[in-house]
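Asker: Below you'll find input25.csv; it's CSV, C-alpha atoms.
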chain,number,residue,atom,x,y,z
A,25,MET,CA,0.0,0.0,0.0
A,26,LEU,CA,1.4,3.3,-1.1
A,27,ALA,CA,1.6,6.0,1.6
A,28,ARG,CA,3.3,9.3,2.1
A,29,ILE,CA,4.4,10.5,5.6
A,30,GLN,CA,5.7,13.8,6.7
A,31,VAL,CA,7.8,14.0,9.9
A,32,PRO,CA,10.2,16.8,10.4
A,33,ALA,CA,13.8,15.5,10.5
A,34,GLN,CA,14.7,17.7,13.4
A,35,ALA,CA,12.9,19.5,16.2
A,36,ARG,CA,13.9,21.5,19.3
A,37,GLN,CA,13.3,20.0,22.8
A,38,GLY,CA,9.7,20.6,23.8
A,39,GLU,CA,8.7,21.8,20.3
A,40,ILE,CA,5.2,20.8,19.0
A,41,VAL,CA,5.7,19.1,15.6
A,42,THR,CA,3.1,18.2,13.0
A,43,ILE,CA,2.9,14.6,11.7
A,44,ARG,CA,1.0,13.9,8.5
A,45,ILE,CA,0.1,10.7,6.7
A,46,ALA,CA,-1.7,10.0,3.4
A,47,ILE,CA,-2.5,6.5,2.3
A,48,GLN,CA,-3.6,5.5,-1.2
A,49,HIS,CA,-6.7,3.3,-0.5
A,50,PRO,CA,-10.2,3.1,-2.1
A,51,MET,CA,-12.0,3.0,1.3
A,52,GLU,CA,-14.8,1.0,-0.2
A,53,THR,CA,-17.9,1.7,1.9
A,54,GLY,CA,-19.7,-1.6,1.4
A,55,TYR,CA,-22.9,0.3,0.4
A,56,ARG,CA,-22.2,0.3,-3.3
A,57,ILE,CA,-23.6,-2.1,-5.9
A,58,ASP,CA,-21.6,-3.1,-9.0
A,59,HIS,CA,-22.9,-3.3,-12.6
A,60,PHE,CA,-24.2,-6.8,-12.0
A,61,GLY,CA,-26.2,-5.8,-8.9
A,62,ARG,CA,-23.8,-7.4,-6.5
A,63,ARG,CA,-22.8,-5.7,-3.3
A,64,ILE,CA,-19.2,-4.5,-3.3
A,65,ALA,CA,-17.6,-5.8,-0.1
A,66,ARG,CA,-16.6,-3.2,2.5
A,67,ASN,CA,-12.9,-2.6,2.5
A,68,VAL,CA,-11.7,0.3,4.6
A,69,ILE,CA,-8.6,0.9,6.7
A,70,HIS,CA,-10.2,0.3,10.0
A,71,THR,CA,-7.2,0.8,12.3
A,72,LEU,CA,-4.2,3.0,12.2
A,73,ALA,CA,-1.7,3.2,15.0
A,74,VAL,CA,1.4,5.4,15.4
A,75,ARG,CA,4.0,4.5,17.9
A,76,PHE,CA,7.0,6.6,19.0
A,77,GLY,CA,9.8,4.5,20.5
A,78,GLY,CA,7.3,1.7,21.1
A,79,THR,CA,4.7,3.9,22.9
A,80,GLU,CA,1.4,4.6,21.1
A,81,VAL,CA,1.1,8.3,20.5
A,82,PHE,CA,-1.8,8.4,18.0
A,83,SER,CA,-4.4,5.9,16.8
A,84,ALA,CA,-7.5,6.1,14.6
A,85,ASP,CA,-10.5,3.8,14.2
A,86,MET,CA,-12.0,4.6,10.8
A,87,GLY,CA,-15.2,3.5,9.2
A,88,SER,CA,-17.0,3.8,5.9
A,89,GLY,CA,-17.6,7.6,6.5
A,90,VAL,CA,-13.9,8.3,5.7
A,91,ALA,CA,-13.2,9.3,2.1
A,92,ALA,CA,-10.8,7.4,-0.3
A,93,ASN,CA,-7.1,8.1,0.2
A,94,PRO,CA,-7.4,9.1,3.8
A,95,PHE,CA,-5.2,11.9,5.0
A,96,LEU,CA,-4.5,12.3,8.8
A,97,GLN,CA,-2.6,14.9,10.7
A,98,PHE,CA,-1.8,15.2,14.4
A,99,HIS,CA,0.7,16.9,16.7
A,100,VAL,CA,3.2,15.6,19.2
A,101,ARG,CA,5.6,17.3,21.6
A,102,ALA,CA,9.2,16.4,20.8
A,103,GLN,CA,10.8,15.2,24.0
A,104,ALA,CA,13.6,12.9,22.8
A,105,SER,CA,15.0,11.5,19.6
A,106,GLY,CA,13.4,8.4,18.4
A,107,GLU,CA,11.5,6.6,15.6
A,108,PHE,CA,7.9,6.8,14.6
A,109,SER,CA,6.3,3.7,13.3
A,110,PHE,CA,3.0,3.8,11.4
A,111,GLU,CA,1.0,0.7,11.0
A,112,TRP,CA,-2.5,0.2,9.5
A,113,VAL,CA,-4.7,-2.7,8.4
A,114,ASP,CA,-7.8,-2.8,6.2
A,115,ASP,CA,-10.8,-5.1,6.0
A,116,SER,CA,-9.2,-7.4,3.5
A,117,GLY,CA,-6.4,-8.0,5.9
A,118,ALA,CA,-3.8,-6.0,3.9
A,119,ARG,CA,-1.3,-4.3,6.2
A,120,GLY,CA,0.9,-1.3,5.6
A,121,SER,CA,3.7,0.3,7.5
A,122,GLU,CA,6.1,3.2,7.4
A,123,ARG,CA,8.9,4.5,9.6
A,124,ALA,CA,10.5,7.9,10.2
A,125,THR,CA,13.1,9.2,12.5
A,126,LEU,CA,12.9,12.5,14.5
A,127,THR,CA,16.0,14.0,16.0
A,128,VAL,CA,15.7,16.3,18.9
A,129,VAL,CA,18.5,18.9,18.9
B,22,MET,CA,-32.3,61.6,-28.9
B,23,ARG,CA,-30.0,60.7,-26.0
B,24,TRP,CA,-31.4,57.2,-25.8
B,25,LEU,CA,-30.8,56.7,-29.5
B,26,ALA,CA,-27.2,57.7,-29.1
B,27,ALA,CA,-26.9,55.3,-26.1
B,28,LEU,CA,-28.4,52.5,-28.2
B,29,LEU,CA,-25.9,53.1,-31.0
B,30,CYS,CA,-23.0,53.1,-28.7
B,31,ALA,CA,-24.1,49.9,-26.9
B,32,PRO,CA,-22.6,47.2,-29.3
B,33,ILE,CA,-19.2,48.9,-29.1
B,34,THR,CA,-19.3,48.7,-25.3
B,35,VAL,CA,-20.2,45.0,-25.4
B,36,LEU,CA,-17.3,44.3,-27.7
B,37,ALA,CA,-14.9,46.2,-25.5
B,38,ALA,CA,-16.1,44.3,-22.4
B,39,GLN,CA,-15.2,40.8,-23.8
B,40,PRO,CA,-13.3,38.9,-21.1
B,41,SER,CA,-9.8,38.4,-22.1
B,42,ALA,CA,-8.1,36.6,-19.2
B,43,LEU,CA,-8.7,32.8,-19.2
B,44,ARG,CA,-9.6,31.3,-15.9
B,45,SER,CA,-8.3,27.8,-14.9
B,46,GLY,CA,-10.8,25.4,-13.4
B,47,LEU,CA,-9.1,26.1,-10.0
B,48,GLU,CA,-10.7,29.5,-9.9
B,49,PHE,CA,-14.1,28.0,-10.0
B,50,ALA,CA,-13.4,25.7,-7.1
B,51,SER,CA,-14.2,26.3,-3.5
B,52,ALA,CA,-11.6,27.5,-1.0
B,53,ASP,CA,-11.1,24.1,0.5
B,54,VAL,CA,-10.5,22.4,-2.8
B,55,ARG,CA,-8.0,25.2,-3.7
B,56,ALA,CA,-6.3,24.6,-0.4
B,57,LEU,CA,-6.1,20.9,-1.1
B,58,GLN,CA,-4.4,21.5,-4.5
B,59,ALA,CA,-2.0,24.1,-3.1
B,60,ASP,CA,-0.5,21.8,-0.4
B,61,ASP,CA,1.6,19.2,-2.1
B,62,PHE,CA,1.3,16.9,0.8
B,63,ALA,CA,-2.4,17.1,1.3
B,64,ASN,CA,-3.1,16.9,-2.5
B,65,PRO,CA,-4.2,13.3,-3.0
B,66,GLY,CA,-3.0,13.4,-6.6
B,67,MET,CA,0.5,13.4,-5.4
B,68,LEU,CA,0.0,9.7,-4.3
B,69,TRP,CA,-0.2,8.9,-8.0
B,70,VAL,CA,2.8,11.1,-8.8
B,71,ASP,CA,4.8,9.2,-6.1
B,72,ARG,CA,3.6,5.8,-7.6
B,73,GLY,CA,4.7,7.1,-11.1
B,74,ALA,CA,8.1,7.9,-9.7
B,75,LYS,CA,8.5,4.3,-8.5
B,76,LEU,CA,7.2,2.9,-11.9
B,77,TRP,CA,9.6,5.2,-13.7
B,78,SER,CA,12.6,3.2,-12.5
B,79,THR,CA,10.9,-0.3,-12.5
B,80,PRO,CA,12.0,-2.5,-15.4
B,81,ALA,CA,9.1,-3.8,-17.5
B,82,GLY,CA,8.4,-6.0,-20.6
B,83,ALA,CA,10.5,-8.4,-22.6
B,84,ALA,CA,13.3,-5.9,-22.9
B,85,ALA,CA,13.5,-5.6,-19.1
B,86,GLN,CA,14.0,-1.9,-19.6
B,87,SER,CA,12.7,0.9,-17.3
B,88,CYS,CA,11.8,4.4,-18.3
B,89,ALA,CA,14.8,5.6,-16.4
B,90,GLY,CA,17.0,3.2,-18.4
B,91,CYS,CA,16.7,5.5,-21.4
B,92,HIS,CA,15.4,8.8,-20.1
B,93,ARG,CA,17.4,8.9,-16.8
B,94,GLU,CA,16.2,11.6,-14.4
B,95,ALA,CA,12.6,12.6,-15.2
B,96,ALA,CA,13.1,15.9,-13.5
B,97,VAL,CA,15.6,16.8,-16.3
B,98,SER,CA,14.5,14.8,-19.3
B,99,MET,CA,10.7,15.1,-18.9
B,100,LYS,CA,10.7,18.8,-18.0
B,101,GLY,CA,8.5,20.6,-20.5
B,102,VAL,CA,7.5,17.3,-22.3
B,103,ALA,CA,3.8,17.6,-21.3
B,104,THR,CA,3.7,21.1,-22.9
B,105,ARG,CA,4.1,19.5,-26.3
B,106,TYR,CA,1.3,16.9,-26.2
B,107,PRO,CA,-1.1,16.0,-27.8
B,108,ARG,CA,0.8,16.1,-31.1
B,109,PHE,CA,1.2,14.2,-34.4
B,110,ASP,CA,3.7,11.4,-34.1
B,111,ARG,CA,5.2,10.5,-37.4
B,112,GLU,CA,6.2,6.9,-36.4
B,113,ALA,CA,2.7,6.1,-35.1
B,114,GLY,CA,1.1,8.0,-38.0
B,115,ALA,CA,-1.5,9.4,-35.5
B,116,VAL,CA,-2.0,12.2,-33.0
B,117,LEU,CA,-0.9,11.0,-29.6
B,118,ASN,CA,-1.7,12.4,-26.2
B,119,LEU,CA,0.7,11.9,-23.3
B,120,GLU,CA,-1.0,8.6,-22.2
B,121,ALA,CA,-0.7,7.2,-25.8
B,122,ARG,CA,2.9,8.3,-26.1
B,123,ILE,CA,3.8,6.5,-22.8
B,124,ASN,CA,2.0,3.3,-24.1
B,125,ARG,CA,3.8,3.6,-27.4
B,126,CYS,CA,7.1,3.8,-25.6
B,127,ARG,CA,6.1,0.7,-23.6
B,128,SER,CA,5.3,-1.4,-26.7
B,129,THR,CA,8.2,-0.3,-28.9
B,130,ARG,CA,11.0,0.2,-26.4
B,131,GLN,CA,10.1,-2.0,-23.4
B,132,GLN,CA,8.2,-4.6,-25.5
B,133,ALA,CA,5.6,-4.7,-22.8
B,134,ASP,CA,1.8,-4.8,-23.0
B,135,PRO,CA,0.3,-1.3,-23.2
B,136,LEU,CA,-1.3,-0.2,-19.9
B,137,GLY,CA,-5.1,0.0,-19.8
B,138,PHE,CA,-6.9,3.3,-20.0
B,139,GLU,CA,-7.6,4.8,-16.6
B,140,SER,CA,-5.4,2.1,-14.9
B,141,ASP,CA,-3.6,3.3,-11.8
B,142,GLU,CA,-0.3,2.6,-13.5
B,143,LEU,CA,-1.0,4.6,-16.7
B,144,LEU,CA,-2.5,7.5,-14.7
B,145,ALA,CA,0.5,7.4,-12.3
B,146,LEU,CA,3.1,7.5,-15.1
B,147,THR,CA,1.2,10.2,-16.9
B,148,ALA,CA,0.8,12.3,-13.8
B,149,TYR,CA,4.5,11.9,-12.9
B,150,VAL,CA,5.6,13.0,-16.4
B,151,ALA,CA,3.1,15.9,-16.6
B,152,HIS,CA,4.0,17.0,-13.1
B,153,GLN,CA,7.6,17.7,-14.3
B,154,SER,CA,6.0,20.5,-16.5
B,155,ARG,CA,3.9,22.0,-13.7
B,156,GLY,CA,3.9,25.8,-14.0
B,157,GLN,CA,4.9,25.7,-17.7
B,158,VAL,CA,2.7,27.0,-20.5
B,159,PRO,CA,1.7,24.4,-23.2
B,160,ILE,CA,3.1,25.0,-26.7
B,161,PRO,CA,0.5,23.8,-29.3
B,162,ALA,CA,2.0,21.6,-31.9
B,163,ASP,CA,2.4,23.4,-35.2
B,164,ASP,CA,2.9,20.8,-37.9
B,165,ALA,CA,0.4,20.3,-40.7
B,166,ALA,CA,-1.1,17.1,-39.4
B,167,SER,CA,-1.5,18.4,-35.8
B,168,ARG,CA,-3.1,21.6,-37.2
B,169,ALA,CA,-5.6,19.6,-39.3
B,170,ALA,CA,-6.5,17.4,-36.2
B,171,ARG,CA,-6.9,20.5,-34.1
B,172,GLU,CA,-9.2,22.0,-36.6
B,173,ARG,CA,-11.4,18.8,-36.4
B,174,GLY,CA,-11.3,19.2,-32.6
B,175,ARG,CA,-12.4,22.8,-32.9
B,176,GLU,CA,-15.2,21.9,-35.2
B,177,GLN,CA,-16.4,19.3,-32.7
B,178,TYR,CA,-16.2,21.8,-29.8
B,179,PHE,CA,-18.7,24.0,-31.7
B,180,ARG,CA,-20.9,21.2,-33.0
B,181,ARG,CA,-24.2,20.5,-31.3
B,182,GLN,CA,-24.6,16.9,-30.2
B,183,GLY,CA,-26.7,14.5,-28.1
B,184,GLN,CA,-30.3,14.5,-27.1
B,185,MET,CA,-29.8,17.9,-25.3
B,186,ASN,CA,-28.5,19.3,-28.6
B,187,LEU,CA,-25.7,21.2,-27.0
B,188,ALA,CA,-22.1,22.0,-28.1
B,189,CYS,CA,-19.2,22.4,-25.6
B,190,THR,CA,-19.3,26.1,-26.3
B,191,HIS,CA,-22.8,26.6,-25.0
B,192,CYS,CA,-21.8,25.9,-21.4
B,193,HIS,CA,-18.1,26.5,-21.3
B,194,ASP,CA,-17.9,29.8,-23.3
B,195,ARG,CA,-21.4,31.3,-22.7
B,196,LEU,CA,-22.2,30.1,-19.2
B,197,ALA,CA,-18.9,29.8,-17.4
B,198,GLY,CA,-19.2,30.9,-13.8
B,199,ARG,CA,-23.0,30.2,-13.8
B,200,ARG,CA,-24.5,27.3,-11.9
B,201,LEU,CA,-25.6,23.9,-13.3
B,202,LEU,CA,-27.6,22.6,-10.3
B,203,ALA,CA,-24.9,22.3,-7.6
B,204,GLU,CA,-22.0,22.7,-10.0
B,205,THR,CA,-20.3,25.9,-11.1
B,206,ILE,CA,-19.6,25.7,-14.8
B,207,SER,CA,-15.9,26.3,-15.5
B,208,GLU,CA,-14.4,27.5,-18.8
B,209,GLY,CA,-13.5,23.8,-19.5
B,210,HIS,CA,-9.7,24.0,-19.6
B,211,GLY,CA,-7.7,20.7,-19.3
B,212,ASN,CA,-4.5,22.2,-17.9
B,213,GLY,CA,-4.7,20.3,-14.6
B,214,TYR,CA,-5.2,16.8,-15.9
B,215,PRO,CA,-4.7,14.0,-15.0
B,216,ALA,CA,-6.6,15.5,-12.0
B,217,TYR,CA,-7.9,14.2,-8.7
B,218,ARG,CA,-11.6,14.7,-8.7
B,219,LEU,CA,-13.5,14.4,-5.4
B,220,GLU,CA,-16.4,13.0,-7.3
B,221,TRP,CA,-14.2,10.1,-8.6
B,222,GLN,CA,-12.4,9.6,-5.3
B,223,GLY,CA,-9.3,9.1,-7.5
B,224,LEU,CA,-7.2,10.4,-10.3
B,225,GLY,CA,-8.6,10.5,-13.8
B,226,SER,CA,-7.6,11.5,-17.3
B,227,LEU,CA,-8.9,14.4,-19.4
B,228,GLN,CA,-10.6,11.9,-21.6
B,229,ARG,CA,-12.5,10.5,-18.7
B,230,ARG,CA,-13.7,14.1,-17.9
B,231,LEU,CA,-14.6,14.7,-21.5
B,232,ARG,CA,-16.6,11.5,-21.7
B,233,ALA,CA,-18.5,12.6,-18.6
B,234,CYS,CA,-19.5,15.7,-20.5
B,235,PHE,CA,-20.7,13.6,-23.5
B,236,THR,CA,-22.9,11.6,-21.1
B,237,GLY,CA,-24.1,14.8,-19.6
B,238,VAL,CA,-25.5,16.1,-22.9
B,239,ARG,CA,-26.8,12.6,-23.6
B,240,ALA,CA,-24.5,12.0,-26.5
B,241,GLU,CA,-22.7,8.8,-27.2
B,242,ALA,CA,-19.3,9.1,-25.6
B,243,PRO,CA,-16.4,8.0,-27.9
B,244,PRO,CA,-14.3,5.1,-26.4
B,245,PHE,CA,-11.1,5.9,-24.6
B,246,GLY,CA,-8.3,6.7,-27.1
B,247,ALA,CA,-10.7,7.5,-29.9
B,248,PRO,CA,-9.4,10.0,-32.5
B,249,GLU,CA,-12.3,12.4,-31.7
B,250,LEU,CA,-11.3,12.6,-28.0
B,251,VAL,CA,-7.6,13.2,-28.9
B,252,GLU,CA,-8.5,15.9,-31.4
B,253,LEU,CA,-10.7,17.6,-28.8
B,254,GLU,CA,-7.9,17.4,-26.3
B,255,LEU,CA,-5.6,19.0,-28.9
B,256,TYR,CA,-8.0,21.8,-29.5
B,257,LEU,CA,-8.5,22.4,-25.8
B,258,THR,CA,-4.7,22.7,-25.3
B,259,GLN,CA,-4.6,25.6,-27.8
B,260,ARG,CA,-7.8,27.1,-26.3
B,261,ALA,CA,-6.4,27.1,-22.8
B,262,GLY,CA,-3.6,29.4,-24.2
B,263,PRO,CA,-1.3,30.7,-21.6
B,264,LEU,CA,-2.8,28.8,-18.6
B,265,ARG,CA,-0.1,26.9,-16.8
B,266,ILE,CA,0.0,23.1,-16.3
B,267,GLU,CA,-1.3,22.3,-12.8
B,268,THR,CA,-0.9,18.5,-12.8
B,269,PRO,CA,-2.0,16.9,-10.4
B,270,ALA,CA,-4.9,19.4,-10.0
B,271,VAL,CA,-7.8,18.8,-7.5
B,272,ARG,CA,-11.3,19.3,-8.8
B,273,ARG,CA,-14.7,18.9,-7.3
Translate the structure described by the file into structure tokens.
Answerer:
Amino acid sequence: MLARIQVPAQARQGEIVTIRIAIQHPMETGYRIDHFGRRIARNVIHTLAVRFGGTEVFSADMGSGVAANPFLQFHVRAQASGEFSFEWVDDSGARGSERATLTVV
Amino acid sequence: MRWLAALLCAPITVLAAQPSALRSGLEFASADVRALQADDFANPGMLWVDRGAKLWSTPAGAAAQSCAGCHREAAVSMKGVATRYPRFDREAGAVLNLEARINRCRSTRQQADPLGFESDELLALTAYVAHQSRGQVPIPADDAASRAARERGREQYFRRQGQMNLACTHCHDRLAGRRLLAETISEGHGNGYPAYRLEWQGLGSLQRRLRACFTGVRAEAPPFGAPELVELELYLTQRAGPLRIETPAVRR
């Protein structure tokens, strides 16, 4: 699954930094019907979790109300250098992950 | 007598008030859609551009050749390329748009199967190549065959068609800026395509957008890649004049 993440490479101690993630995903609602009248199975990214150095700092439970190609943004206070890990899973069981390092100077 | 003088002067005033500046579809979009396009991270079209960058250096076909194998850095070699399409291609003996040019490169150089119309792969590569020309002004092709094709496209633009008996010009020249139910009618320029449309929840080509208009006036939409659509694209490129390429644009 293709995703773009934006984490500043460096931050000052105590600075509030913006973290952004965009994932390419159809976010199929499960309410649509195909050309043959069959229901298209729901397939949304239902869980996304972001950990910093192993501790969860952000998580999202999403449903069929979220548009395709979800774009999320949140803020964290930079305390120490470490690695962000982003992990998400959709209804079809497909998993995605990304990593990024933040250095506190 | 004053009213007569005013009446006689009126046509001259109307002529002088002809709008001269062309407006990109972006100017007809709401503030939040404009903000989405302005931010390269939030712009969902950039997901396809990123995928295109990956495909650019991925070998494909019997020749196991990647785009980068011949063209190297797209940022250098593909800069300004999108400004020259669609144009007549002598080898192919037809007018090709950017998508068709990429597919031709695939079949002749990579010996790979052409990518399907509106497939994520073809849209991604097209968006990636066109993105290298963002901010540049298209240069309409000026050879005899391209000019003839453009003239056919122009004729089509002004020809009434479909059950609604409308030509492109009726909405996009006469009624631009007015409302069509919930939509604001734009001037119909294709300078942002392939574009991310919120209605599509994905990226789509200019041909997909044109086909939607054909359906809208209840005319029979030509199939993807049909000469009529390419000729119309060619005419629209010239019609959009100095508007800069915005790929990947965001539209409603």
Asker: Neighbourhood query: residues within 10 Å of (-4.3, 22.1, -35.5), file coordinates, counting all atoms listed in the file; return as a VMD selection string.
Answerer: chain B and resid 108 to 109 161 to 175 252 255 to 256 259
Asker: Hey, which bits of chain A sit within 10 Å of chain B, and for each residue what's the closest pair of atoms and how far apart in Å (one decimal), counting all atoms listed in the file, rows by chain and increasing number, as a tab-separated table?
Answerer:
residue	atom	partner	partner_atom	distance
A:Leu26	CA	B:Leu68	CA	7.3
A:Ala27	CA	B:Leu68	CA	7.1
A:Arg28	CA	B:Leu68	CA	7.2
A:Ile29	CA	B:Phe62	CA	8.6
A:Gln30	CA	B:Phe62	CA	8.0
A:Arg44	CA	B:Phe62	CA	8.3
A:Ile45	CA	B:Phe62	CA	8.6
A:Ala46	CA	B:Ala63	CA	7.4
A:Ile47	CA	B:Leu68	CA	7.7
A:Gln48	CA	B:Leu68	CA	6.3
A:His49	CA	B:Gly223	CA	9.5
A:Pro50	CA	B:Gln222	CA	7.6
A:Met51	CA	B:Gln222	CA	9.3
A:Ala91	CA	B:Gln222	CA	7.4
A:Ala92	CA	B:Gln222	CA	5.7
A:Asn93	CA	B:Pro65	CA	6.8
A:Pro94	CA	B:Pro65	CA	8.6
A:Phe95	CA	B:Ala63	CA	7.0
A:Leu96	CA	B:Ala63	CA	9.1
A:Gln97	CA	B:Ala63	CA	9.7
Asker: Residues at most 8 Å from A:Ser88, counting all atoms listed in the file, excluding those fewer than 3 positions away in the same chain, as a PyMOL selection string?
Answerer: chain A and resi 51-54+66+68+91
Asker: Could you write out the selected residues, including C-alpha atoms, as a PDB file, in the frame of the given file?
Answerer:
ATOM      1  CA  MET A  51     -12.000   3.000   1.300  1.00  0.00           C
ATOM      2  CA  GLU A  52     -14.800   1.000  -0.200  1.00  0.00           C
ATOM      3  CA  THR A  53     -17.900   1.700   1.900  1.00  0.00           C
ATOM      4  CA  GLY A  54     -19.700  -1.600   1.400  1.00  0.00           C
ATOM      5  CA  ARG A  66     -16.600  -3.200   2.500  1.00  0.00           C
ATOM      6  CA  VAL A  68     -11.700   0.300   4.600  1.00  0.00           C
ATOM      7  CA  ALA A  91     -13.200   9.300   2.100  1.00  0.00           C
TER       8      ALA A  91
END
Asker: Near stretch 73-81 of chain B, within 10 Å and counting all atoms listed in the file, which residues show up once chain neighbours fewer than 2 positions away are dropped, as a ChimeraX atom specification?
Answerer: /B:67-71,83-90,92-95,127,130-134,141-150
Asker: Please determine, counting all atoms listed in the file, which residue among A:Ala102, A:Glu107, A:Phe60, A:Tyr55 has the shortest atom-to-atom distance to A:Thr79.
Answerer: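 Of A:Ala102, A:Glu107, A:Phe60, A:Tyr55, the one nearest A:Thr79, counting all atoms listed in the file, is A:Glu107.
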Asker: Please indicate the distance in Å from atom CA of B:Ala247 to atom CA of B:Phe49, rounded to one decimal place.
Answerer: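 Interatomic distance, atom CA of B:Ala247 to atom CA of B:Phe49: 28.8 Å.
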